[in-house]
>>> print(open('protein05.cif').read())   # mmCIF, C-alpha atoms
data_my_file
#
loop_
_atom_site.label_atom_id
_atom_site.label_comp_id
_atom_site.auth_asym_id
_atom_site.auth_seq_id
_atom_site.Cartn_x
_atom_site.Cartn_y
_atom_site.Cartn_z
CA MET A 1 19.09 -11.00 -6.34
CA ALA A 2 15.99 -12.08 -8.20
CA LYS A 3 15.03 -15.69 -7.85
CA GLY A 4 13.98 -17.07 -11.20
CA GLU A 5 11.75 -19.92 -12.19
CA THR A 6 12.47 -23.52 -11.22
CA MET A 7 13.19 -25.72 -14.23
CA PRO A 8 11.00 -28.77 -14.81
CA THR A 9 13.58 -31.41 -13.91
CA LEU A 10 16.23 -29.46 -12.04
CA ARG A 11 14.89 -28.40 -8.65
CA SER A 12 17.48 -25.80 -7.67
CA PRO A 13 16.38 -22.16 -7.85
CA LEU A 14 17.94 -20.14 -10.66
CA TYR A 15 19.55 -16.74 -10.34
CA GLU A 16 20.05 -14.42 -13.26
CA VAL A 17 23.38 -12.63 -13.54
CA ALA A 18 25.03 -10.51 -16.21
CA ASP A 19 27.94 -12.83 -16.99
CA ALA A 20 30.44 -15.35 -15.63
CA PHE A 21 32.24 -12.66 -13.65
CA GLU A 22 29.03 -11.66 -11.91
CA ALA A 23 28.14 -15.30 -11.32
CA ASN A 24 31.38 -15.73 -9.42
CA GLU A 25 30.72 -12.51 -7.50
CA LEU A 26 27.29 -13.85 -6.49
CA PHE A 27 28.77 -17.11 -5.23
CA GLN A 28 31.59 -15.35 -3.41
CA ARG A 29 29.19 -12.91 -1.77
CA ASN A 30 26.95 -15.71 -0.57
CA GLY A 31 29.77 -17.91 0.71
CA TRP A 32 28.91 -20.66 -1.78
CA THR A 33 32.53 -21.37 -2.68
CA ASP A 34 35.85 -22.21 -1.01
CA GLY A 35 37.19 -18.72 -1.75
CA LEU A 36 38.49 -19.60 -5.20
CA PRO A 37 36.49 -18.65 -8.30
CA ILE A 38 33.89 -21.05 -9.64
CA VAL A 39 32.69 -22.13 -13.05
CA PRO A 40 29.07 -20.91 -13.23
CA PRO A 41 26.70 -23.88 -12.79
CA THR A 42 24.27 -23.22 -15.61
CA GLU A 43 21.37 -25.49 -16.39
CA THR A 44 23.04 -26.62 -19.63
CA GLY A 45 26.29 -27.43 -17.88
CA VAL A 46 24.65 -29.34 -15.03
CA ARG A 47 22.46 -31.32 -17.43
CA ARG A 48 25.53 -32.28 -19.43
CA PHE A 49 27.07 -33.82 -16.30
CA LEU A 50 23.90 -35.67 -15.34
CA ASP A 51 23.45 -37.00 -18.87
CA ALA A 52 27.05 -38.23 -18.95
CA ALA A 53 26.48 -40.12 -15.71
CA GLY A 54 23.02 -41.31 -16.82
CA LEU A 55 21.48 -40.02 -13.61
CA PRO A 56 18.14 -38.29 -13.05
CA ALA A 57 18.57 -34.96 -11.27
CA GLY A 58 16.54 -36.09 -8.27
CA ALA A 59 18.40 -39.37 -7.68
CA VAL A 60 19.58 -39.56 -4.07
CA VAL A 61 23.23 -40.51 -4.35
CA GLY A 62 24.12 -40.30 -0.67
CA VAL A 63 22.65 -39.60 2.73
CA GLU A 64 24.78 -37.95 5.41
CA PRO A 65 24.02 -40.26 8.34
CA VAL A 66 23.85 -37.79 11.25
CA ARG A 67 21.86 -34.86 9.91
CA ARG A 68 20.23 -37.10 7.29
CA ARG A 69 20.91 -34.73 4.44
CA ARG A 70 19.77 -36.44 1.26
CA ILE A 71 22.29 -35.53 -1.40
CA THR A 72 20.90 -35.50 -4.92
CA ALA A 73 22.71 -36.06 -8.20
CA GLU A 74 21.74 -32.50 -9.15
CA LYS A 75 23.67 -30.99 -6.24
CA VAL A 76 26.69 -33.18 -6.94
CA ALA A 77 26.64 -32.13 -10.60
CA ILE A 78 26.38 -28.46 -9.58
CA ALA A 79 29.40 -28.85 -7.29
CA ALA A 80 31.36 -30.67 -10.00
CA VAL A 81 30.66 -27.93 -12.55
CA MET A 82 31.62 -25.25 -10.02
CA ALA A 83 34.86 -27.06 -9.18
CA GLY A 84 35.93 -27.13 -12.82
CA CYS A 85 35.42 -30.87 -13.41
CA LEU A 86 34.69 -32.44 -16.79
CA PRO A 87 31.51 -34.55 -17.03
CA ALA A 88 33.59 -37.73 -17.17
CA TYR A 89 34.85 -37.06 -13.62
CA LEU A 90 31.39 -37.28 -12.09
CA PRO A 91 31.41 -41.08 -11.41
CA VAL A 92 34.60 -40.63 -9.37
CA VAL A 93 33.12 -37.74 -7.38
CA LEU A 94 30.00 -39.83 -6.77
CA ALA A 95 31.99 -42.87 -5.60
CA ILE A 96 34.00 -40.77 -3.14
CA LEU A 97 30.83 -39.14 -1.86
CA LYS A 98 29.18 -42.54 -1.35
CA ALA A 99 32.23 -43.73 0.55
CA MET A 100 32.11 -40.62 2.73
CA CYS A 101 28.46 -41.31 3.56
CA GLU A 102 29.26 -44.74 5.05
CA PRO A 103 28.82 -44.59 8.83
CA GLU A 104 32.41 -45.66 9.58
CA PHE A 105 33.70 -42.57 7.77
CA GLY A 106 31.95 -40.38 10.33
CA LEU A 107 31.38 -37.54 7.89
CA HIS A 108 29.64 -35.26 10.38
CA GLY A 109 32.42 -35.50 12.96
CA VAL A 110 35.07 -35.14 10.30
CA THR A 111 33.36 -32.02 8.95
CA ALA A 112 32.60 -30.36 12.26
CA SER A 113 35.65 -31.15 14.42
CA THR A 114 38.11 -28.57 15.69
CA GLY A 115 40.68 -31.16 14.53
CA GLY A 116 40.37 -29.83 10.97
CA SER A 117 40.91 -32.89 8.77
CA ALA A 118 40.36 -33.28 5.03
CA PRO A 119 38.91 -36.16 3.04
CA PHE A 120 41.85 -37.67 1.16
CA ALA A 121 40.87 -39.76 -1.87
CA VAL A 122 42.99 -42.33 -3.68
CA VAL A 123 41.84 -43.50 -7.11
CA ASN A 124 42.73 -46.94 -8.51
CA GLY A 125 42.06 -48.74 -11.77
CA PRO A 126 41.62 -47.85 -15.45
CA VAL A 127 39.65 -44.67 -14.69
CA ARG A 128 42.97 -43.02 -13.71
CA HIS A 129 44.12 -43.21 -17.33
CA ALA A 130 40.71 -42.45 -18.82
CA LEU A 131 40.66 -39.16 -16.90
CA GLY A 132 44.40 -38.43 -17.14
CA MET A 133 44.96 -38.38 -13.39
CA ASN A 134 48.36 -37.71 -11.88
CA ALA A 135 50.16 -40.32 -9.80
CA THR A 136 53.73 -39.08 -10.11
CA HIS A 137 55.45 -35.66 -9.94
CA ASN A 138 54.06 -33.26 -7.33
CA VAL A 139 51.34 -35.79 -6.58
CA LEU A 140 50.18 -34.23 -3.32
CA ALA A 141 49.85 -30.81 -4.90
CA ASN A 142 48.91 -28.76 -7.96
CA GLY A 143 49.13 -29.46 -11.67
CA SER A 144 46.48 -32.05 -12.57
CA ARG A 145 42.97 -31.00 -13.49
CA PRO A 146 41.16 -34.21 -12.44
CA ASN A 147 43.12 -34.53 -9.18
CA ALA A 148 42.45 -30.89 -8.33
CA THR A 149 38.83 -30.58 -9.37
CA ILE A 150 37.54 -33.96 -8.13
CA GLY A 151 38.83 -33.17 -4.64
CA ARG A 152 37.50 -29.63 -4.85
CA ALA A 153 34.01 -30.81 -5.85
CA LEU A 154 33.85 -32.73 -2.56
CA ARG A 155 34.81 -29.64 -0.56
CA LEU A 156 32.15 -27.58 -2.35
CA LEU A 157 29.58 -30.27 -1.52
CA ILE A 158 30.61 -30.20 2.12
CA VAL A 159 30.22 -26.42 2.16
CA ASN A 160 26.98 -26.07 0.23
CA VAL A 161 25.15 -29.33 0.83
CA LEU A 162 26.30 -30.30 4.32
CA GLY A 163 26.67 -26.75 5.61
CA GLY A 164 30.35 -27.27 6.42
CA ILE A 165 31.03 -23.56 6.48
CA PRO A 166 34.06 -22.44 8.51
CA GLY A 167 32.93 -20.92 11.79
CA GLN A 168 29.49 -22.48 11.42
CA LEU A 169 29.29 -26.27 11.19
CA ASP A 170 33.00 -26.52 10.34
CA ARG A 171 34.67 -25.66 13.65
CA SER A 172 38.25 -26.40 12.51
CA THR A 173 40.78 -24.50 14.56
CA LEU A 174 43.35 -24.56 11.75
CA GLY A 175 42.32 -26.93 8.99
CA HIS A 176 45.03 -27.54 6.40
CA PRO A 177 45.58 -26.93 2.68
CA GLY A 178 44.21 -30.38 1.79
CA LYS A 179 40.78 -29.04 2.63
CA PHE A 180 40.76 -27.20 -0.70
CA THR A 181 41.30 -30.45 -2.55
CA PHE A 182 43.08 -33.73 -1.77
CA CYS A 183 42.85 -36.44 -4.38
CA LEU A 184 45.42 -38.51 -6.24
CA ALA A 185 45.83 -41.62 -8.34
CA GLU A 186 48.01 -44.52 -7.30
CA ASP A 187 51.02 -45.20 -9.54
CA GLU A 188 50.05 -48.81 -10.21
CA GLU A 189 52.26 -49.16 -13.29
CA GLY A 190 55.30 -47.81 -11.47
CA SER A 191 54.75 -50.02 -8.46
CA PRO A 192 55.85 -53.56 -7.67
CA TRP A 193 52.86 -53.86 -5.37
CA ARG A 194 49.15 -54.68 -5.49
CA PRO A 195 46.99 -51.58 -5.85
CA LEU A 196 45.41 -50.19 -2.70
CA ALA A 197 41.84 -50.92 -3.81
CA THR A 198 42.72 -54.50 -4.75
CA GLU A 199 44.21 -55.04 -1.32
CA ARG A 200 40.98 -53.73 0.14
CA GLY A 201 38.78 -56.20 -1.70
CA VAL A 202 38.00 -54.61 -5.07
CA PRO A 203 38.44 -57.04 -8.01
CA ALA A 204 41.74 -56.56 -9.88
CA GLY A 205 41.34 -54.29 -12.88
CA ALA A 206 38.24 -52.51 -11.55
CA SER A 207 38.21 -48.80 -10.82
CA ALA A 208 37.67 -47.73 -7.23
CA VAL A 209 38.23 -44.97 -4.70
CA THR A 210 39.48 -45.10 -1.14
CA VAL A 211 38.79 -42.15 1.12
CA LEU A 212 40.22 -41.34 4.53
CA ALA A 213 39.94 -38.27 6.77
CA VAL A 214 43.48 -37.08 7.33
CA GLY A 215 45.47 -34.34 8.97
CA SER A 216 48.08 -32.49 6.95
CA PRO A 217 50.64 -34.65 5.18
CA HIS A 218 54.07 -34.74 6.78
CA GLN A 219 56.99 -35.25 4.40
CA ILE A 220 59.86 -37.49 5.36
CA MET A 221 63.23 -37.74 3.61
CA ASN A 222 65.63 -40.64 3.50
CA GLU A 223 68.02 -40.96 0.57
CA TRP A 224 70.84 -42.55 2.48
CA THR A 225 70.01 -46.23 2.79
CA HIS A 226 69.20 -49.32 0.76
CA ASP A 227 67.99 -51.16 3.81
CA PRO A 228 64.19 -51.53 3.73
CA LYS A 229 64.07 -51.67 7.53
CA GLU A 230 65.83 -48.33 7.79
CA LEU A 231 63.46 -46.79 5.29
CA ALA A 232 60.44 -48.15 7.13
CA GLU A 233 61.91 -46.77 10.34
CA THR A 234 61.84 -43.23 8.93
CA TYR A 235 58.11 -43.52 8.18
CA ALA A 236 57.52 -45.07 11.61
CA ALA A 237 59.45 -42.26 13.30
CA ALA A 238 57.25 -39.63 11.67
CA ILE A 239 54.20 -41.57 12.83
CA ARG A 240 55.60 -41.75 16.37
CA ALA A 241 56.11 -37.98 16.30
CA ASN A 242 52.48 -37.54 15.30
CA MET A 243 51.37 -39.86 18.11
CA LEU A 244 53.21 -37.71 20.63
CA THR A 245 52.57 -34.23 19.29
CA TYR A 246 49.06 -34.77 17.89
CA SER A 247 47.08 -37.86 18.88
CA ILE A 248 48.23 -41.09 20.50
CA TRP A 249 45.20 -43.07 19.36
CA ALA A 250 45.53 -45.85 16.80
CA GLY A 251 43.73 -45.64 13.48
CA ASN A 252 44.17 -45.65 9.72
CA TYR A 253 47.43 -43.99 8.87
CA ALA A 254 48.37 -43.63 5.20
CA ILE A 255 51.89 -43.46 3.83
CA VAL A 256 52.79 -42.26 0.34
CA VAL A 257 55.82 -44.10 -0.96
CA PRO A 258 57.68 -42.57 -3.94
CA GLY A 259 59.39 -44.42 -6.76
CA GLN A 260 62.87 -44.25 -5.27
CA HIS A 261 61.74 -45.87 -2.03
CA ARG A 262 59.65 -48.45 -3.88
CA GLN A 263 62.73 -49.56 -5.80
CA ILE A 264 64.51 -50.26 -2.54
CA PHE A 265 61.60 -52.17 -1.07
CA ALA A 266 61.17 -54.12 -4.32
CA ALA A 267 64.88 -55.00 -4.49
CA ALA A 268 64.64 -56.38 -0.99
CA GLY A 269 61.52 -58.36 -1.92
CA TRP A 270 59.28 -56.40 0.43
CA SER A 271 55.55 -56.42 -0.30
CA LYS A 272 53.14 -53.81 1.04
CA ARG A 273 52.34 -56.41 3.68
CA ASP A 274 55.99 -56.55 4.82
CA LEU A 275 56.09 -52.78 5.04
CA ARG A 276 52.84 -52.68 7.02
CA ASP A 277 54.12 -55.35 9.43
CA CYS A 278 57.32 -53.43 10.04
CA VAL A 279 55.60 -50.07 10.59
CA HIS A 280 53.06 -51.74 12.89
CA GLU A 281 55.92 -53.10 14.94
CA ARG A 282 57.88 -49.84 15.05
CA ALA A 283 55.25 -47.12 15.32
CA ARG A 284 54.72 -47.39 19.07
CA VAL A 285 55.11 -45.01 21.97
CA SER A 286 54.50 -44.97 25.70
CA ARG A 287 52.61 -42.29 27.59
CA ARG A 288 55.84 -41.46 29.43
CA GLU A 289 57.23 -40.02 26.17
CA TRP A 290 54.54 -37.34 26.39
CA ARG A 291 56.61 -35.78 29.15
CA ALA A 292 59.29 -34.82 26.62
CA VAL A 293 56.82 -33.01 24.35
CA GLY A 294 55.07 -30.76 26.84
CA LYS A 295 52.23 -33.11 27.76
CA SER A 296 53.37 -34.09 31.26
CA ALA A 297 49.96 -33.13 32.67
CA VAL A 298 48.18 -35.97 30.87
CA ALA A 299 50.95 -38.59 30.87
CA PRO A 300 50.13 -39.98 34.34
CA ARG A 301 46.39 -40.30 33.78
CA LYS A 302 46.97 -43.95 32.91
CA ASP A 303 49.88 -46.38 33.14
CA GLU A 304 52.81 -44.41 31.75
CA ASP A 305 54.68 -47.51 30.64
CA ALA A 306 51.80 -48.95 28.66
CA THR A 307 52.58 -49.24 24.95
CA TYR A 308 50.40 -47.49 22.40
CA THR A 309 50.49 -48.64 18.78
CA ALA A 310 49.73 -46.33 15.85
CA LEU A 311 47.92 -49.18 14.12
CA ARG A 312 45.45 -51.59 15.69
CA SER A 313 46.82 -54.17 13.28
CA PRO A 314 49.11 -53.95 10.20
CA ASP A 315 46.00 -53.68 8.02
CA ASP A 316 45.29 -50.23 9.46
CA LEU A 317 48.16 -48.84 7.37
CA LEU A 318 47.28 -47.71 3.84
CA VAL A 319 50.38 -47.94 1.66
CA ILE A 320 50.06 -45.78 -1.44
CA ALA A 321 52.54 -45.87 -4.31
CA ALA A 322 52.70 -42.33 -5.68
CA GLY A 323 55.12 -39.51 -6.32
CA GLY A 324 57.82 -38.60 -8.80
CA PRO A 325 60.48 -41.13 -9.81
CA ALA A 326 63.42 -39.28 -8.26
CA GLY A 327 63.87 -38.24 -4.66
CA GLY A 328 63.68 -40.05 -1.36
CA PHE A 329 60.66 -38.07 -0.21
CA GLY A 330 57.67 -39.89 1.19
CA ALA A 331 54.84 -38.75 3.41
CA ILE A 332 52.75 -39.88 6.31
CA LEU A 333 49.10 -38.87 6.48
CA PRO A 334 47.75 -39.16 10.01
CA PRO A 335 44.15 -40.01 10.82
CA TRP A 336 41.87 -37.21 11.95
CA TYR A 337 41.37 -38.80 15.37
CA GLY A 338 42.02 -42.48 16.07
CA THR A 339 39.27 -44.77 14.83
CA LYS A 340 36.52 -42.14 14.84
CA SER A 341 36.85 -42.08 11.06
CA LEU A 342 37.95 -45.13 9.11
CA ALA A 343 39.06 -45.51 5.50
CA VAL A 344 36.30 -46.59 3.10
CA THR A 345 36.78 -48.14 -0.36
CA LYS A 346 34.08 -48.08 -3.05
CA GLY A 347 33.94 -49.28 -6.63
CA ILE A 348 33.29 -46.66 -9.30
CA GLU A 349 30.03 -47.32 -11.15
CA MET B 1 21.77 -8.29 -23.52
CA MET B 2 22.60 -11.94 -22.95
CA THR B 3 22.50 -12.97 -19.33
CA LEU B 4 23.44 -16.12 -17.47
CA LYS B 5 21.22 -18.20 -15.21
CA VAL B 6 23.01 -20.13 -12.49
CA LEU B 7 21.72 -22.82 -10.16
CA ASP B 8 21.68 -22.59 -6.37
CA PRO B 9 24.28 -25.03 -5.02
CA ARG B 10 22.78 -25.36 -1.54
CA LEU B 11 20.65 -28.19 -0.26
CA SER B 12 19.05 -25.88 2.28
CA ALA B 13 17.58 -23.94 -0.63
CA GLU B 14 15.17 -26.85 -0.98
CA GLY B 15 14.06 -26.73 2.63
CA GLU B 16 15.97 -29.78 3.76
CA ALA B 17 17.70 -28.09 6.67
CA ALA B 18 16.55 -28.83 10.23
CA ARG B 19 15.07 -26.02 12.26
CA LEU B 20 15.16 -25.30 15.97
CA ALA B 21 11.93 -25.92 17.85
CA ALA B 22 10.07 -22.87 19.17
CA PRO B 23 11.40 -21.78 22.57
CA LEU B 24 9.39 -22.46 25.72
CA ALA B 25 7.48 -19.49 27.15
CA SER B 26 8.89 -20.30 30.59
CA LEU B 27 11.15 -22.88 32.22
CA ASP B 28 9.09 -22.85 35.42
CA GLY B 29 8.01 -26.43 36.13
CA ALA B 30 9.61 -27.69 32.91
CA ARG B 31 11.45 -30.92 32.34
CA VAL B 32 14.80 -30.24 30.66
CA GLY B 33 17.10 -32.74 28.96
CA LEU B 34 20.86 -32.25 29.08
CA LEU B 35 22.65 -34.23 26.41
CA ASP B 36 26.32 -34.58 27.29
CA ASN B 37 28.55 -34.83 24.19
CA ALA B 38 31.14 -36.92 26.08
CA LYS B 39 33.84 -34.26 26.01
CA ILE B 40 36.03 -33.86 29.10
CA GLY B 41 34.50 -30.68 30.52
CA THR B 42 30.83 -31.25 29.76
CA ALA B 43 29.75 -33.08 32.94
CA ARG B 44 31.15 -30.37 35.21
CA PHE B 45 29.59 -27.66 33.07
CA TYR B 46 26.22 -29.42 33.20
CA ASP B 47 26.46 -29.77 37.02
CA HIS B 48 26.52 -25.98 37.18
CA LEU B 49 23.87 -25.59 34.51
CA GLU B 50 21.55 -28.04 36.25
CA ALA B 51 21.89 -26.18 39.54
CA ILE B 52 21.11 -22.87 37.85
CA LEU B 53 18.16 -24.31 35.95
CA ARG B 54 16.64 -25.74 39.14
CA THR B 55 17.29 -22.85 41.53
CA ARG B 56 16.98 -19.80 39.32
CA PHE B 57 14.52 -20.93 36.67
CA GLY B 58 12.32 -23.40 38.57
CA VAL B 59 13.04 -26.37 36.32
CA ARG B 60 11.21 -29.34 37.85
CA GLU B 61 13.16 -32.24 36.39
CA VAL B 62 16.42 -32.71 34.54
CA ILE B 63 17.12 -35.73 32.35
CA ARG B 64 20.84 -36.16 31.85
CA ARG B 65 22.33 -38.52 29.30
CA ARG B 66 25.89 -38.92 28.06
CA LYS B 67 26.65 -39.95 24.47
CA PRO B 68 29.01 -42.93 24.18
CA ASP B 69 31.14 -41.08 21.59
CA SER B 70 31.56 -37.35 21.02
CA SER B 71 31.82 -37.73 17.25
CA ARG B 72 28.81 -39.98 16.71
CA PRO B 73 25.09 -39.38 17.00
CA ALA B 74 23.30 -40.20 20.25
CA PRO B 75 21.85 -43.74 20.15
CA THR B 76 18.17 -43.99 19.24
CA ASP B 77 17.07 -45.25 22.68
CA MET B 78 18.88 -42.32 24.33
CA MET B 79 17.05 -39.90 22.05
CA GLY B 80 13.81 -41.67 23.00
CA GLU B 81 14.49 -41.10 26.72
CA LEU B 82 15.31 -37.45 26.09
CA SER B 83 12.15 -36.95 24.07
CA ALA B 84 10.22 -36.89 27.36
CA ALA B 85 11.75 -33.47 28.04
CA ASP B 86 10.05 -30.16 27.21
CA ALA B 87 13.39 -28.76 26.01
CA ILE B 88 16.85 -30.19 25.40
CA VAL B 89 20.27 -28.67 25.74
CA SER B 90 22.64 -30.46 23.38
CA GLY B 91 26.31 -29.97 24.17
CA ILE B 92 28.68 -29.28 21.30
CA GLY B 93 32.38 -28.48 21.29
CA ASP B 94 34.80 -28.84 24.20
#
>>> encode(input="protein05.cif", output="structure tokens")
Amino acid sequence: MAKGETMPTLRSPLYEVADAFEANELFQRNGWTDGLPIVPPTETGVRRFLDAAGLPAGAVVGVEPVRRRRITAEKVAIAAVMAGCLPAYLPVVLAILKAMCEPEFGLHGVTASTGGSAPFAVVNGPVRHALGMNATHNVLANGSRPNATIGRALRLLIVNVLGGIPGQLDRSTLGHPGKFTFCLAEDEEGSPWRPLATERGVPAGASAVTVLAVGSPHQIMNEWTHDPKELAETYAAAIRANMLTYSIWAGNYAIVVPGQHRQIFAAAGWSKRDLRDCVHERARVSRREWRAVGKSAVAPRKDEDATYTALRSPDDLLVIAAGGPAGGFGAILPPWYGTKSLAVTKGIE
Amino acid sequence: MMTLKVLDPRLSAEGEAARLAAPLASLDGARVGLLDNAKIGTARFYDHLEAILRTRFGVREVIRRRKPDSSRPAPTDMMGELSAADAIVSGIGD
């Protein structure tokens, strides 16, 4: 592998390969990808992304707080090209990255932990339409280029820029499929509710991202009620199960509420606030309940009758309107580990 | 034949990565810092390690500190106290 010259403005070393196939082979061989093929990050391609974002290659766009890795626009553009993004996606990738570099996100712990979480990004505002993001059918999965490649660019940055390589800095025991990519748009138009970013302080009509380190999503199903309390109870029950079988500690849970459930909540006049209040009230367990799930050894370490809440306050719950119009399928997304990582919202510049 | 030039995606390619300090020639008479990562088993493990360091390797002094949170960096003042050591063992994992 011959190292070529360094270009005047781009600082990354260049490698010469025969073609795109060989470029992918080089990246696969060196562990510079997530296992899936990459788009070769050529100088022309990377410059196109930087020009679109109006950023000099050397601009520091984020600093990982623990290892103090200074992340440059050039490396973000390289990751975005590799992931299959279009240049117009770069501001969203940058906003998510900046959010992840805030100390309360705990990026190092999130990346390194055996707990194996993934950064989950929710996009709000006009940028969703400008990029053609998906907020409806199959929203937690495949099918949308911006959803898929924006999330993937972040994973490639974690691997190549932060050294989050499985078995090295990334010590995940299992991880989960969201670690390949985990990004969606909120279905603001199909929702009776205020958008997530607006609730979290971003001016109405502005584009923004919210990112949270989550475990794997857990689907719930309830198509047999029109009572908003019953529906909320199903989400709360899944959260209680997570508290018992995974972690009892309170933190930012997210729930994804599909169109069919939103109609029921809307008909009953329930706001996101009402839903948060109800889940806060219902998502509680005692240590004694650990005895029924194989954790009797740790149940008596403290008062077994003490109540543990999933949320420190109702505001800890992120309510996200997304998913196809038909079907009573929602999801809970549990926090990586209590409050060690908190959700962060950032405007898109 | 047309070829393709691709850019290195790694930050470490620019020399940003941290490096380990050079190892000590000997632990005899050394002052060793043990940074506890606040996981459940670390204190007990370090009790054993400290005993071995003192009795088998002649370590003169051990500075032990425990991080307030396993997922966060050690506070600056704690790092300052540990910097008096000739070598530091930093606990990771469980």
>>> atom_distance(input="protein05.cif", atom1="CA of Gly151 (chain A)", atom2="CA of Lys75 (chain A)")
15.4 Å
>>> residues_around(input="protein05.cif", residues="Ser172 (chain A)", least_positions_apart="2", cutoff="8 Å", atoms="all atoms listed in the file", output="list of chain:residue names")
A:Ala112, A:Ser113, A:Thr114, A:Gly115, A:Gly116, A:Ser117, A:Pro166, A:Gly167, A:Asp170, A:Leu174, A:Gly175
>>> interface_residues(input="protein05.cif", of="chain B", to="chain A", cutoff="7 Å", atoms="only C-alpha atoms", output="PDB file with C-alpha atoms, keeping the file's coordinate frame")
ATOM      1  CA  THR B   3      22.500 -12.970 -19.330  1.00  0.00           C
ATOM      2  CA  LEU B   4      23.440 -16.120 -17.470  1.00  0.00           C
ATOM      3  CA  LYS B   5      21.220 -18.200 -15.210  1.00  0.00           C
ATOM      4  CA  VAL B   6      23.010 -20.130 -12.490  1.00  0.00           C
ATOM      5  CA  LEU B   7      21.720 -22.820 -10.160  1.00  0.00           C
ATOM      6  CA  ASP B   8      21.680 -22.590  -6.370  1.00  0.00           C
ATOM      7  CA  PRO B   9      24.280 -25.030  -5.020  1.00  0.00           C
ATOM      8  CA  ARG B  10      22.780 -25.360  -1.540  1.00  0.00           C
ATOM      9  CA  LEU B  11      20.650 -28.190  -0.260  1.00  0.00           C
ATOM     10  CA  SER B  71      31.820 -37.730  17.250  1.00  0.00           C
ATOM     11  CA  ARG B  72      28.810 -39.980  16.710  1.00  0.00           C
ATOM     12  CA  PRO B  73      25.090 -39.380  17.000  1.00  0.00           C
TER      13      PRO B  73
END
>>> atom_distance(input="protein05.cif", atom1="CA of Gly251 (chain A)", atom2="CA of Pro335 (chain A)")
6.2 Å
>>> atom_distance(input="protein05.cif", atom1="CA of Ala88 (chain A)", atom2="CA of Gly54 (chain A)")
11.2 Å
>>> resolve_selection(input="protein05.cif", expression="the PyMOL selection byres ((chain A and resi 318) around 12)", output="MDAnalysis selection string")
chainID A and resid 120:122 186 194:200 210:212 214 251:257 272:273 275:277 279:280 311 313:317 319:321 331:335 342:345
>>> resolve_selection(input="protein05.cif", expression="the PyMOL selection byres ((chain B and resi 33-45) around 8)", output="list of chain:residue names")
B:Arg31, B:Val32, B:Tyr46, B:Asp47, B:His48, B:Leu49, B:Val62, B:Ile63, B:Arg64, B:Arg65, B:Arg66, B:Lys67, B:Pro68, B:Asp69, B:Ser70, B:Leu82, B:Ala85, B:Asp86, B:Ala87, B:Ile88, B:Val89, B:Ser90, B:Gly91, B:Ile92, B:Gly93, B:Asp94
>>> write_last_selection(input="protein05.cif", atoms="C-alpha atoms", output="compact mmCIF listing (two decimals), in the coordinates of the input")
# COMPACT_ATOMS: atom_id res chain seq x y z
CA ARG B 31 11.45 -30.92 32.34
CA VAL B 32 14.80 -30.24 30.66
CA TYR B 46 26.22 -29.42 33.20
CA ASP B 47 26.46 -29.77 37.02
CA HIS B 48 26.52 -25.98 37.18
CA LEU B 49 23.87 -25.59 34.51
CA VAL B 62 16.42 -32.71 34.54
CA ILE B 63 17.12 -35.73 32.35
CA ARG B 64 20.84 -36.16 31.85
CA ARG B 65 22.33 -38.52 29.30
CA ARG B 66 25.89 -38.92 28.06
CA LYS B 67 26.65 -39.95 24.47
CA PRO B 68 29.01 -42.93 24.18
CA ASP B 69 31.14 -41.08 21.59
CA SER B 70 31.56 -37.35 21.02
CA LEU B 82 15.31 -37.45 26.09
CA ALA B 85 11.75 -33.47 28.04
CA ASP B 86 10.05 -30.16 27.21
CA ALA B 87 13.39 -28.76 26.01
CA ILE B 88 16.85 -30.19 25.40
CA VAL B 89 20.27 -28.67 25.74
CA SER B 90 22.64 -30.46 23.38
CA GLY B 91 26.31 -29.97 24.17
CA ILE B 92 28.68 -29.28 21.30
CA GLY B 93 32.38 -28.48 21.29
CA ASP B 94 34.80 -28.84 24.20
>>> resolve_selection(input="protein05.cif", expression="the PyMOL selection byres ((chain A and resi 179) around 10)", output="ChimeraX atom specification")
/A:34,116-120,151-152,154-155,175-178,180-182,214-216
>>> closest_residue(input="protein05.cif", among="B:Ala51, B:Arg56, B:Glu61, B:Met78", to="Ala30 (chain B)", atoms="all atoms listed in the file")
B:Glu61
>>> axis_aligned_box(input="protein05.cif", around="region 302-314 of chain A", padding_each_side="4 Å", output="AutoDock Vina command-line options")
--center_x 50.1 --center_y -49.1 --center_z 21.7 --size_x 17.2 --size_y 18.2 --size_z 30.9
>>> closest_residue(input="protein05.cif", among="A:Ala53, A:Ile165, A:Ala299, A:Ala135", to="Asn30 (chain A)", atoms="all atoms listed in the file")
A:Ile165
